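S.K.: Contents of structure.cif (mmCIF, N, CA and C atoms) are below:
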data_input
#
loop_
_atom_site.group_PDB
_atom_site.id
_atom_site.type_symbol
_atom_site.label_atom_id
_atom_site.label_comp_id
_atom_site.auth_asym_id
_atom_site.auth_seq_id
_atom_site.Cartn_x
_atom_site.Cartn_y
_atom_site.Cartn_z
ATOM 1 N N MET A 843 -15.167 88.383 387.749
ATOM 2 C CA MET A 843 -15.248 89.560 386.897
ATOM 3 C C MET A 843 -14.867 90.824 387.657
ATOM 4 N N GLY A 844 -14.984 90.789 388.979
ATOM 5 C CA GLY A 844 -14.687 91.958 389.788
ATOM 6 C C GLY A 844 -13.244 92.411 389.673
ATOM 7 N N ASN A 845 -12.286 91.492 389.671
ATOM 8 C CA ASN A 845 -10.872 91.850 389.559
ATOM 9 C C ASN A 845 -10.424 92.040 388.123
ATOM 10 N N LEU A 846 -11.180 91.534 387.180
ATOM 11 C CA LEU A 846 -10.793 91.618 385.774
ATOM 12 C C LEU A 846 -11.057 93.003 385.172
ATOM 13 N N ALA A 847 -12.133 93.652 385.587
ATOM 14 C CA ALA A 847 -12.498 94.946 385.009
ATOM 15 C C ALA A 847 -11.432 96.015 385.244
ATOM 16 N N PRO A 848 -10.904 96.200 386.467
ATOM 17 C CA PRO A 848 -9.854 97.207 386.631
ATOM 18 C C PRO A 848 -8.599 96.890 385.811
ATOM 19 N N ALA A 849 -8.238 95.627 385.714
ATOM 20 C CA ALA A 849 -7.062 95.248 384.925
ATOM 21 C C ALA A 849 -7.254 95.624 383.462
ATOM 22 N N ILE A 850 -8.434 95.385 382.942
ATOM 23 C CA ILE A 850 -8.718 95.736 381.548
ATOM 24 C C ILE A 850 -8.632 97.244 381.349
ATOM 25 N N VAL A 851 -9.153 98.011 382.293
ATOM 26 C CA VAL A 851 -9.112 99.472 382.186
ATOM 27 C C VAL A 851 -7.674 99.975 382.234
ATOM 28 N N TYR A 852 -6.855 99.435 383.150
ATOM 29 C CA TYR A 852 -5.455 99.861 383.245
ATOM 30 C C TYR A 852 -4.700 99.561 381.952
ATOM 31 N N ILE A 853 -4.925 98.395 381.398
ATOM 32 C CA ILE A 853 -4.242 98.006 380.157
ATOM 33 C C ILE A 853 -4.714 98.869 378.994
ATOM 34 N N LEU A 854 -6.006 99.140 378.931
ATOM 35 C CA LEU A 854 -6.522 99.996 377.858
ATOM 36 C C LEU A 854 -5.991 101.430 377.971
ATOM 37 N N CYS A 855 -5.835 101.927 379.184
ATOM 38 C CA CYS A 855 -5.249 103.263 379.369
ATOM 39 C C CYS A 855 -3.802 103.286 378.881
ATOM 40 N N PHE A 856 -3.051 102.239 379.182
ATOM 41 C CA PHE A 856 -1.668 102.159 378.710
ATOM 42 C C PHE A 856 -1.611 102.099 377.187
ATOM 43 N N VAL A 857 -2.444 101.276 376.604
ATOM 44 C CA VAL A 857 -2.449 101.138 375.140
ATOM 45 C C VAL A 857 -2.850 102.456 374.474
ATOM 46 N N THR A 858 -3.851 103.122 375.032
ATOM 47 C CA THR A 858 -4.313 104.383 374.455
ATOM 48 C C THR A 858 -3.252 105.470 374.538
ATOM 49 N N SER A 859 -2.620 105.623 375.696
ATOM 50 C CA SER A 859 -1.591 106.665 375.821
ATOM 51 C C SER A 859 -0.365 106.339 374.976
ATOM 52 N N SER A 860 -0.038 105.059 374.836
ATOM 53 C CA SER A 860 1.076 104.677 373.965
ATOM 54 C C SER A 860 0.751 104.959 372.501
ATOM 55 N N ALA A 861 -0.489 104.681 372.113
ATOM 56 C CA ALA A 861 -0.902 104.971 370.735
ATOM 57 C C ALA A 861 -0.870 106.473 370.458
ATOM 58 N N CYS A 862 -1.313 107.270 371.410
ATOM 59 C CA CYS A 862 -1.252 108.729 371.247
ATOM 60 C C CYS A 862 0.183 109.198 371.110
ATOM 61 N N ALA A 863 1.064 108.674 371.949
ATOM 62 C CA ALA A 863 2.480 109.054 371.868
ATOM 63 C C ALA A 863 3.065 108.676 370.522
ATOM 64 N N TRP A 864 2.755 107.481 370.046
ATOM 65 C CA TRP A 864 3.281 107.033 368.757
ATOM 66 C C TRP A 864 2.747 107.892 367.617
ATOM 67 N N LEU A 865 1.446 108.171 367.613
ATOM 68 C CA LEU A 865 0.857 108.980 366.537
ATOM 69 C C LEU A 865 1.398 110.411 366.554
ATOM 70 N N LEU A 866 1.516 110.993 367.740
ATOM 71 C CA LEU A 866 2.075 112.335 367.828
ATOM 72 C C LEU A 866 3.537 112.359 367.390
ATOM 73 N N GLY A 867 4.297 111.341 367.792
ATOM 74 C CA GLY A 867 5.703 111.266 367.392
ATOM 75 C C GLY A 867 5.870 111.084 365.894
ATOM 76 N N ARG A 868 5.025 110.275 365.315
ATOM 77 C CA ARG A 868 5.089 110.049 363.868
ATOM 78 C C ARG A 868 4.745 111.324 363.096
ATOM 79 N N THR A 869 3.733 112.043 363.563
ATOM 80 C CA THR A 869 3.350 113.286 362.902
ATOM 81 C C THR A 869 4.429 114.356 363.089
ATOM 82 N N TRP A 870 5.032 114.402 364.284
ATOM 83 C CA TRP A 870 6.122 115.351 364.499
ATOM 84 C C TRP A 870 7.290 115.049 363.559
ATOM 85 N N TYR A 871 7.578 113.773 363.356
ATOM 86 C CA TYR A 871 8.698 113.399 362.484
ATOM 87 C C TYR A 871 8.480 113.899 361.054
ATOM 88 N N ARG A 872 7.218 113.921 360.613
ATOM 89 C CA ARG A 872 6.926 114.389 359.260
ATOM 90 C C ARG A 872 6.875 115.907 359.162
ATOM 91 N N THR A 873 6.330 116.578 360.190
ATOM 92 C CA THR A 873 6.096 118.022 360.086
ATOM 93 C C THR A 873 7.102 118.871 360.844
ATOM 94 N N ARG A 874 7.771 118.299 361.841
ATOM 95 C CA ARG A 874 8.740 119.001 362.696
ATOM 96 C C ARG A 874 8.124 120.199 363.417
ATOM 97 N N THR A 875 6.847 120.083 363.762
ATOM 98 C CA THR A 875 6.190 121.108 364.562
ATOM 99 C C THR A 875 6.578 120.908 366.024
ATOM 100 N N PRO A 876 7.156 121.924 366.665
ATOM 101 C CA PRO A 876 7.674 121.731 368.024
ATOM 102 C C PRO A 876 6.623 121.286 369.037
ATOM 103 N N LEU A 877 5.410 121.805 368.933
ATOM 104 C CA LEU A 877 4.387 121.445 369.908
ATOM 105 C C LEU A 877 4.019 119.960 369.816
ATOM 106 N N LEU A 878 4.101 119.387 368.639
ATOM 107 C CA LEU A 878 3.866 117.955 368.502
ATOM 108 C C LEU A 878 4.942 117.140 369.216
ATOM 109 N N PHE A 879 6.178 117.618 369.175
ATOM 110 C CA PHE A 879 7.250 116.936 369.886
ATOM 111 C C PHE A 879 6.994 116.920 371.379
ATOM 112 N N TRP A 880 6.625 118.085 371.935
ATOM 113 C CA TRP A 880 6.390 118.164 373.380
ATOM 114 C C TRP A 880 5.172 117.344 373.780
ATOM 115 N N SER A 881 4.167 117.318 372.931
ATOM 116 C CA SER A 881 2.985 116.500 373.218
ATOM 117 C C SER A 881 3.325 115.013 373.173
ATOM 118 N N ALA A 882 4.148 114.611 372.214
ATOM 119 C CA ALA A 882 4.565 113.212 372.132
ATOM 120 C C ALA A 882 5.392 112.825 373.354
ATOM 121 N N ALA A 883 6.272 113.723 373.784
ATOM 122 C CA ALA A 883 7.073 113.447 374.978
ATOM 123 C C ALA A 883 6.185 113.318 376.205
ATOM 124 N N CYS A 884 5.179 114.187 376.311
ATOM 125 C CA CYS A 884 4.240 114.124 377.427
ATOM 126 C C CYS A 884 3.498 112.794 377.440
ATOM 127 N N PHE A 885 2.974 112.379 376.307
ATOM 128 C CA PHE A 885 2.225 111.126 376.255
ATOM 129 C C PHE A 885 3.132 109.912 376.438
ATOM 130 N N THR A 886 4.388 110.024 376.064
ATOM 131 C CA THR A 886 5.326 108.933 376.334
ATOM 132 C C THR A 886 5.514 108.765 377.840
ATOM 133 N N LEU A 887 5.669 109.870 378.541
ATOM 134 C CA LEU A 887 5.796 109.805 379.993
ATOM 135 C C LEU A 887 4.495 109.331 380.646
ATOM 136 N N LEU A 888 3.357 109.747 380.110
ATOM 137 C CA LEU A 888 2.080 109.281 380.651
ATOM 138 C C LEU A 888 1.880 107.792 380.417
ATOM 139 N N SER A 889 2.348 107.288 379.284
ATOM 140 C CA SER A 889 2.247 105.847 379.066
ATOM 141 C C SER A 889 3.176 105.093 380.015
ATOM 142 N N GLY A 890 4.334 105.675 380.329
ATOM 143 C CA GLY A 890 5.199 105.093 381.353
ATOM 144 C C GLY A 890 4.515 105.077 382.707
ATOM 145 N N ASN A 891 3.780 106.159 383.007
ATOM 146 C CA ASN A 891 3.009 106.215 384.236
ATOM 147 C C ASN A 891 1.968 105.090 384.276
ATOM 148 N N ASN A 892 1.279 104.894 383.169
ATOM 149 C CA ASN A 892 0.275 103.821 383.111
ATOM 150 C C ASN A 892 0.920 102.442 383.201
ATOM 151 N N LEU A 893 2.098 102.292 382.639
ATOM 152 C CA LEU A 893 2.797 101.017 382.750
ATOM 153 C C LEU A 893 3.158 100.722 384.205
ATOM 154 N N PHE A 894 3.634 101.736 384.918
ATOM 155 C CA PHE A 894 3.951 101.530 386.325
ATOM 156 C C PHE A 894 2.690 101.334 387.166
ATOM 157 N N LEU A 895 1.563 101.869 386.720
ATOM 158 C CA LEU A 895 0.302 101.592 387.398
ATOM 159 C C LEU A 895 -0.044 100.111 387.283
ATOM 160 N N ILE A 896 0.168 99.553 386.100
ATOM 161 C CA ILE A 896 -0.074 98.119 385.905
ATOM 162 C C ILE A 896 0.875 97.310 386.772
ATOM 163 N N PHE A 897 2.160 97.703 386.792
ATOM 164 C CA PHE A 897 3.120 97.002 387.649
ATOM 165 C C PHE A 897 2.727 97.113 389.119
ATOM 166 N N ASP A 898 2.314 98.300 389.524
ATOM 167 C CA ASP A 898 2.006 98.567 390.923
ATOM 168 C C ASP A 898 0.791 97.782 391.403
ATOM 169 N N LEU A 899 -0.264 97.779 390.632
ATOM 170 C CA LEU A 899 -1.508 97.196 391.115
ATOM 171 C C LEU A 899 -1.747 95.756 390.677
ATOM 172 N N LEU A 900 -1.125 95.333 389.584
ATOM 173 C CA LEU A 900 -1.413 93.999 389.068
ATOM 174 C C LEU A 900 -0.237 93.040 389.157
ATOM 175 N N VAL A 901 0.946 93.470 388.754
ATOM 176 C CA VAL A 901 2.086 92.560 388.646
ATOM 177 C C VAL A 901 2.811 92.412 389.983
ATOM 178 N N PHE A 902 3.147 93.534 390.609
ATOM 179 C CA PHE A 902 3.880 93.520 391.876
ATOM 180 C C PHE A 902 3.075 94.256 392.951
ATOM 181 N N PRO A 903 2.008 93.663 393.462
ATOM 182 C CA PRO A 903 1.171 94.389 394.435
ATOM 183 C C PRO A 903 1.874 94.671 395.764
ATOM 184 N N ASP A 904 2.963 93.966 396.061
ATOM 185 C CA ASP A 904 3.676 94.186 397.320
ATOM 186 C C ASP A 904 4.642 95.356 397.263
ATOM 187 N N ILE A 905 4.992 95.828 396.065
ATOM 188 C CA ILE A 905 5.934 96.929 395.894
ATOM 189 C C ILE A 905 5.139 98.198 395.605
ATOM 190 N N ASP A 906 5.510 99.276 396.275
ATOM 191 C CA ASP A 906 4.799 100.543 396.114
ATOM 192 C C ASP A 906 5.517 101.412 395.074
ATOM 193 N N PHE A 907 4.848 101.649 393.959
ATOM 194 C CA PHE A 907 5.415 102.472 392.881
ATOM 195 C C PHE A 907 4.764 103.853 392.818
ATOM 196 N N ARG A 908 4.117 104.289 393.891
ATOM 197 C CA ARG A 908 3.432 105.577 393.848
ATOM 198 C C ARG A 908 4.387 106.738 393.596
ATOM 199 N N LEU A 909 5.570 106.693 394.169
ATOM 200 C CA LEU A 909 6.540 107.775 393.968
ATOM 201 C C LEU A 909 6.977 107.849 392.507
ATOM 202 N N VAL A 910 7.246 106.707 391.910
ATOM 203 C CA VAL A 910 7.647 106.669 390.498
ATOM 204 C C VAL A 910 6.510 107.180 389.619
ATOM 205 N N ARG A 911 5.292 106.738 389.904
ATOM 206 C CA ARG A 911 4.140 107.190 389.115
ATOM 207 C C ARG A 911 3.928 108.691 389.267
ATOM 208 N N GLY A 912 4.086 109.190 390.476
ATOM 209 C CA GLY A 912 3.930 110.629 390.694
ATOM 210 C C GLY A 912 4.989 111.441 389.968
ATOM 211 N N LEU A 913 6.226 110.952 390.003
ATOM 212 C CA LEU A 913 7.297 111.654 389.291
ATOM 213 C C LEU A 913 7.097 111.626 387.781
ATOM 214 N N LEU A 914 6.608 110.504 387.261
ATOM 215 C CA LEU A 914 6.340 110.432 385.827
ATOM 216 C C LEU A 914 5.203 111.382 385.437
ATOM 217 N N SER A 915 4.171 111.448 386.243
ATOM 218 C CA SER A 915 3.064 112.368 385.960
ATOM 219 C C SER A 915 3.523 113.818 386.014
ATOM 220 N N LEU A 916 4.295 114.146 387.041
ATOM 221 C CA LEU A 916 4.818 115.504 387.167
ATOM 222 C C LEU A 916 5.728 115.841 385.989
ATOM 223 N N SER A 917 6.557 114.907 385.585
ATOM 224 C CA SER A 917 7.444 115.128 384.442
ATOM 225 C C SER A 917 6.646 115.335 383.161
ATOM 226 N N ALA A 918 5.588 114.562 382.979
ATOM 227 C CA ALA A 918 4.768 114.683 381.771
ATOM 228 C C ALA A 918 4.128 116.063 381.685
ATOM 229 N N VAL A 919 3.550 116.512 382.780
ATOM 230 C CA VAL A 919 2.915 117.828 382.778
ATOM 231 C C VAL A 919 3.963 118.928 382.634
ATOM 232 N N SER A 920 5.111 118.769 383.269
ATOM 233 C CA SER A 920 6.181 119.768 383.166
ATOM 234 C C SER A 920 6.708 119.878 381.741
ATOM 235 N N VAL A 921 6.877 118.752 381.085
ATOM 236 C CA VAL A 921 7.361 118.758 379.699
ATOM 237 C C VAL A 921 6.360 119.472 378.792
ATOM 238 N N LEU A 922 5.092 119.184 378.958
ATOM 239 C CA LEU A 922 4.082 119.826 378.119
ATOM 240 C C LEU A 922 3.986 121.320 378.427
ATOM 241 N N LEU A 923 4.058 121.688 379.694
ATOM 242 C CA LEU A 923 4.026 123.096 380.067
ATOM 243 C C LEU A 923 5.239 123.835 379.506
ATOM 244 N N TYR A 924 6.410 123.220 379.602
ATOM 245 C CA TYR A 924 7.611 123.819 379.016
ATOM 246 C C TYR A 924 7.439 123.992 377.508
ATOM 247 N N GLY A 925 6.871 122.990 376.852
ATOM 248 C CA GLY A 925 6.640 123.085 375.414
ATOM 249 C C GLY A 925 5.687 124.207 375.054
ATOM 250 N N PHE A 926 4.631 124.389 375.852
ATOM 251 C CA PHE A 926 3.700 125.496 375.605
ATOM 252 C C PHE A 926 4.405 126.838 375.761
ATOM 253 N N ILE A 927 5.185 126.992 376.815
ATOM 254 C CA ILE A 927 5.862 128.259 377.062
ATOM 255 C C ILE A 927 6.937 128.501 376.009
ATOM 256 N N TRP A 928 7.728 127.490 375.691
ATOM 257 C CA TRP A 928 8.795 127.631 374.701
ATOM 258 C C TRP A 928 8.218 127.942 373.330
ATOM 259 N N ASN A 929 7.110 127.301 372.977
ATOM 260 C CA ASN A 929 6.476 127.526 371.679
ATOM 261 C C ASN A 929 5.919 128.939 371.593
ATOM 262 N N ARG A 930 5.380 129.437 372.681
ATOM 263 C CA ARG A 930 4.850 130.794 372.683
ATOM 264 C C ARG A 930 5.971 131.821 372.559
ATOM 265 N N GLU A 931 7.080 131.629 373.290
ATOM 266 C CA GLU A 931 8.200 132.562 373.214
ATOM 267 C C GLU A 931 8.861 132.530 371.853
ATOM 268 N N ALA A 932 8.904 131.371 371.208
ATOM 269 C CA ALA A 932 9.518 131.262 369.879
ATOM 270 C C ALA A 932 8.637 131.943 368.831
ATOM 271 N N GLY A 933 7.321 131.996 369.070
ATOM 272 C CA GLY A 933 6.404 132.594 368.115
ATOM 273 C C GLY A 933 6.360 134.113 368.180
ATOM 274 N N GLU A 934 6.831 134.690 369.285
ATOM 275 C CA GLU A 934 6.775 136.155 369.407
ATOM 276 C C GLU A 934 7.917 136.842 368.735
#
Before anything else, please render the file you have as C-alpha cells.
M.R.:
Amino acid sequence: MGNLAPAIVYILCFVTSSACAWLLGRTWYRTRTPLLFWSAACFTLLSGNNLFLIFDLLVFPDIDFRLVRGLLSLSAVSVLLYGFIWNREAGE
C-alpha cells in the first residue's frame, strides 16, 4: 500500500486538472469569455505537467523529466498571468 498511495494521488491530480481544463474550455466555447480561454490553457498545461509527473515517477523512473515539468508549470502560470493582464487592458 505504501507505493500505491502516491500513484493514486498523481493520477487523481492529472484527472482533476484535465477535467478542469475540459470544463473551462467547454464553457469558453459557449461564452467566448477571454479569461476562460486563458484559464483553460493554463489547466491544459498543468495537466500536461501532471502527466509528466506520472511518467517521471511511475512509468520511467530512470529518466529525469524535472526540466519538462518545470517548463510546463512556468508556461501555465505565464499563460494565466498574460491572460489576466490582457483581460485587464482590454477592459480599460
S.K.: If I take atom CA of A:Arg930 and atom CA of A:Pro876, how far is one from the other in Å, to one decimal?
M.R.: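 Interatomic distance, atom CA of A:Arg930 to atom CA of A:Pro876: 10.6 Å.
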S.K.: Residue by residue, what does the PyMOL selection byres (((chain A and resi 856 and name CA) around 9) and name CA) grab here? Present the result as a PyMOL selection string.
M.R.: chain A and resi 851-855+857-861+888-893+895-896
S.K.: Smallest atom-to-atom distance to A:Gly925: which of A:Phe894, A:Leu899, A:Phe907, A:Leu877, using only N, CA and C atoms?
M.R.: A:Leu877
S.K.: Take the PyMOL selection byres (((chain A and resi 880-882 and name CA) around 6) and name CA), run it mentally on this structure, and tell me the resulting residues as a list in words.
M.R.: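 Applied to this file, the PyMOL selection byres (((chain A and resi 880-882 and name CA) around 6) and name CA) selects Ala863, Leu866, Gly867, Leu877, Leu878, Phe879, Ala883, Cys884, Phe885, Leu922 and Gly925 of chain A.
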S.K.: Between atom N of A:Pro848 and atom N of A:Val921, what is the spacing in Å?
M.R.: 29.2 Å
S.K.: DSSP on the backbone: which residues in stretch 869-931 of chain A end up as alpha helix (DSSP H)? Give the answer as a ChimeraX atom specification.
M.R.: /A:869-873,876-896,908-931
S.K.: Would you save the residues from that selection as a CSV table (one decimal), in the coordinates of the input, using N, CA and C atoms?
M.R.:
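Produced file selection_0.csv, reproduced below:
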chain,number,residue,atom,x,y,z
A,869,THR,N,3.7,112.0,363.6
A,869,THR,CA,3.4,113.3,362.9
A,869,THR,C,4.4,114.4,363.1
A,870,TRP,N,5.0,114.4,364.3
A,870,TRP,CA,6.1,115.4,364.5
A,870,TRP,C,7.3,115.0,363.6
A,871,TYR,N,7.6,113.8,363.4
A,871,TYR,CA,8.7,113.4,362.5
A,871,TYR,C,8.5,113.9,361.1
A,872,ARG,N,7.2,113.9,360.6
A,872,ARG,CA,6.9,114.4,359.3
A,872,ARG,C,6.9,115.9,359.2
A,873,THR,N,6.3,116.6,360.2
A,873,THR,CA,6.1,118.0,360.1
A,873,THR,C,7.1,118.9,360.8
A,876,PRO,N,7.2,121.9,366.7
A,876,PRO,CA,7.7,121.7,368.0
A,876,PRO,C,6.6,121.3,369.0
A,877,LEU,N,5.4,121.8,368.9
A,877,LEU,CA,4.4,121.4,369.9
A,877,LEU,C,4.0,120.0,369.8
A,878,LEU,N,4.1,119.4,368.6
A,878,LEU,CA,3.9,118.0,368.5
A,878,LEU,C,4.9,117.1,369.2
A,879,PHE,N,6.2,117.6,369.2
A,879,PHE,CA,7.2,116.9,369.9
A,879,PHE,C,7.0,116.9,371.4
A,880,TRP,N,6.6,118.1,371.9
A,880,TRP,CA,6.4,118.2,373.4
A,880,TRP,C,5.2,117.3,373.8
A,881,SER,N,4.2,117.3,372.9
A,881,SER,CA,3.0,116.5,373.2
A,881,SER,C,3.3,115.0,373.2
A,882,ALA,N,4.1,114.6,372.2
A,882,ALA,CA,4.6,113.2,372.1
A,882,ALA,C,5.4,112.8,373.4
A,883,ALA,N,6.3,113.7,373.8
A,883,ALA,CA,7.1,113.4,375.0
A,883,ALA,C,6.2,113.3,376.2
A,884,CYS,N,5.2,114.2,376.3
A,884,CYS,CA,4.2,114.1,377.4
A,884,CYS,C,3.5,112.8,377.4
A,885,PHE,N,3.0,112.4,376.3
A,885,PHE,CA,2.2,111.1,376.3
A,885,PHE,C,3.1,109.9,376.4
A,886,THR,N,4.4,110.0,376.1
A,886,THR,CA,5.3,108.9,376.3
A,886,THR,C,5.5,108.8,377.8
A,887,LEU,N,5.7,109.9,378.5
A,887,LEU,CA,5.8,109.8,380.0
A,887,LEU,C,4.5,109.3,380.6
A,888,LEU,N,3.4,109.7,380.1
A,888,LEU,CA,2.1,109.3,380.7
A,888,LEU,C,1.9,107.8,380.4
A,889,SER,N,2.3,107.3,379.3
A,889,SER,CA,2.2,105.8,379.1
A,889,SER,C,3.2,105.1,380.0
A,890,GLY,N,4.3,105.7,380.3
A,890,GLY,CA,5.2,105.1,381.4
A,890,GLY,C,4.5,105.1,382.7
A,891,ASN,N,3.8,106.2,383.0
A,891,ASN,CA,3.0,106.2,384.2
A,891,ASN,C,2.0,105.1,384.3
A,892,ASN,N,1.3,104.9,383.2
A,892,ASN,CA,0.3,103.8,383.1
A,892,ASN,C,0.9,102.4,383.2
A,893,LEU,N,2.1,102.3,382.6
A,893,LEU,CA,2.8,101.0,382.8
A,893,LEU,C,3.2,100.7,384.2
A,894,PHE,N,3.6,101.7,384.9
A,894,PHE,CA,4.0,101.5,386.3
A,894,PHE,C,2.7,101.3,387.2
A,895,LEU,N,1.6,101.9,386.7
A,895,LEU,CA,0.3,101.6,387.4
A,895,LEU,C,0.0,100.1,387.3
A,896,ILE,N,0.2,99.6,386.1
A,896,ILE,CA,-0.1,98.1,385.9
A,896,ILE,C,0.9,97.3,386.8
A,908,ARG,N,4.1,104.3,393.9
A,908,ARG,CA,3.4,105.6,393.8
A,908,ARG,C,4.4,106.7,393.6
A,909,LEU,N,5.6,106.7,394.2
A,909,LEU,CA,6.5,107.8,394.0
A,909,LEU,C,7.0,107.8,392.5
A,910,VAL,N,7.2,106.7,391.9
A,910,VAL,CA,7.6,106.7,390.5
A,910,VAL,C,6.5,107.2,389.6
A,911,ARG,N,5.3,106.7,389.9
A,911,ARG,CA,4.1,107.2,389.1
A,911,ARG,C,3.9,108.7,389.3
A,912,GLY,N,4.1,109.2,390.5
A,912,GLY,CA,3.9,110.6,390.7
A,912,GLY,C,5.0,111.4,390.0
A,913,LEU,N,6.2,111.0,390.0
A,913,LEU,CA,7.3,111.7,389.3
A,913,LEU,C,7.1,111.6,387.8
A,914,LEU,N,6.6,110.5,387.3
A,914,LEU,CA,6.3,110.4,385.8
A,914,LEU,C,5.2,111.4,385.4
A,915,SER,N,4.2,111.4,386.2
A,915,SER,CA,3.1,112.4,386.0
A,915,SER,C,3.5,113.8,386.0
A,916,LEU,N,4.3,114.1,387.0
A,916,LEU,CA,4.8,115.5,387.2
A,916,LEU,C,5.7,115.8,386.0
A,917,SER,N,6.6,114.9,385.6
A,917,SER,CA,7.4,115.1,384.4
A,917,SER,C,6.6,115.3,383.2
A,918,ALA,N,5.6,114.6,383.0
A,918,ALA,CA,4.8,114.7,381.8
A,918,ALA,C,4.1,116.1,381.7
A,919,VAL,N,3.6,116.5,382.8
A,919,VAL,CA,2.9,117.8,382.8
A,919,VAL,C,4.0,118.9,382.6
A,920,SER,N,5.1,118.8,383.3
A,920,SER,CA,6.2,119.8,383.2
A,920,SER,C,6.7,119.9,381.7
A,921,VAL,N,6.9,118.8,381.1
A,921,VAL,CA,7.4,118.8,379.7
A,921,VAL,C,6.4,119.5,378.8
A,922,LEU,N,5.1,119.2,379.0
A,922,LEU,CA,4.1,119.8,378.1
A,922,LEU,C,4.0,121.3,378.4
A,923,LEU,N,4.1,121.7,379.7
A,923,LEU,CA,4.0,123.1,380.1
A,923,LEU,C,5.2,123.8,379.5
A,924,TYR,N,6.4,123.2,379.6
A,924,TYR,CA,7.6,123.8,379.0
A,924,TYR,C,7.4,124.0,377.5
A,925,GLY,N,6.9,123.0,376.9
A,925,GLY,CA,6.6,123.1,375.4
A,925,GLY,C,5.7,124.2,375.1
A,926,PHE,N,4.6,124.4,375.9
A,926,PHE,CA,3.7,125.5,375.6
A,926,PHE,C,4.4,126.8,375.8
A,927,ILE,N,5.2,127.0,376.8
A,927,ILE,CA,5.9,128.3,377.1
A,927,ILE,C,6.9,128.5,376.0
A,928,TRP,N,7.7,127.5,375.7
A,928,TRP,CA,8.8,127.6,374.7
A,928,TRP,C,8.2,127.9,373.3
A,929,ASN,N,7.1,127.3,373.0
A,929,ASN,CA,6.5,127.5,371.7
A,929,ASN,C,5.9,128.9,371.6
A,930,ARG,N,5.4,129.4,372.7
A,930,ARG,CA,4.8,130.8,372.7
A,930,ARG,C,6.0,131.8,372.6
A,931,GLU,N,7.1,131.6,373.3
A,931,GLU,CA,8.2,132.6,373.2
A,931,GLU,C,8.9,132.5,371.9
S.K.: Enter the distance from atom CA of A:Ala849 to atom N of A:Ser920, in Å, rounded to one decimal.
M.R.: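 Atom CA of A:Ala849 sits 26.5 Å away from atom N of A:Ser920.
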S.K.: Find the residue from A:Asn929, A:Ser915, A:Tyr924, A:Asn845 that sits nearest to A:Leu887; use all atoms listed in the file when measuring.
M.R.: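 Counting all atoms listed in the file, the residue closest to A:Leu887 is A:Ser915.
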S.K.: Starting from the sparse input, extend stretch 874-878 of chain A to all heavy atoms and give the output as a short mmCIF file (atom, residue, chain, number, x, y, z; two decimals), in the coordinates of the input.
M.R.:
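The file below, out-v7.cif, is the result:
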data_model
loop_
_atom_site.label_atom_id
_atom_site.label_comp_id
_atom_site.auth_asym_id
_atom_site.auth_seq_id
_atom_site.Cartn_x
_atom_site.Cartn_y
_atom_site.Cartn_z
N ARG A 874 7.77 118.30 361.84
CA ARG A 874 8.74 119.00 362.70
C ARG A 874 8.12 120.20 363.42
O ARG A 874 8.79 121.20 363.66
CB ARG A 874 9.96 119.46 361.90
CG ARG A 874 10.74 118.35 361.27
CD ARG A 874 11.33 117.45 362.29
NE ARG A 874 12.11 116.41 361.59
CZ ARG A 874 12.73 115.45 362.19
NH1 ARG A 874 12.69 115.35 363.49
NH2 ARG A 874 13.40 114.56 361.51
N THR A 875 6.85 120.08 363.76
CA THR A 875 6.19 121.11 364.56
C THR A 875 6.58 120.91 366.02
O THR A 875 6.37 119.83 366.57
CB THR A 875 4.65 121.01 364.41
OG1 THR A 875 4.32 121.08 363.03
CG2 THR A 875 3.95 122.11 365.17
N PRO A 876 7.16 121.92 366.66
CA PRO A 876 7.67 121.73 368.02
C PRO A 876 6.62 121.29 369.04
O PRO A 876 6.90 120.47 369.91
CB PRO A 876 8.23 123.10 368.40
CG PRO A 876 8.47 123.80 367.13
CD PRO A 876 7.46 123.27 366.16
N LEU A 877 5.41 121.80 368.93
CA LEU A 877 4.39 121.44 369.91
C LEU A 877 4.02 119.96 369.82
O LEU A 877 3.69 119.34 370.83
CB LEU A 877 3.15 122.32 369.72
CG LEU A 877 2.13 122.29 370.84
CD1 LEU A 877 2.79 122.63 372.18
CD2 LEU A 877 1.00 123.24 370.55
N LEU A 878 4.10 119.39 368.64
CA LEU A 878 3.87 117.96 368.50
C LEU A 878 4.94 117.14 369.22
O LEU A 878 4.66 116.09 369.80
CB LEU A 878 3.80 117.55 367.03
CG LEU A 878 2.54 117.94 366.28
CD1 LEU A 878 2.70 117.63 364.80
CD2 LEU A 878 1.34 117.24 366.85
#
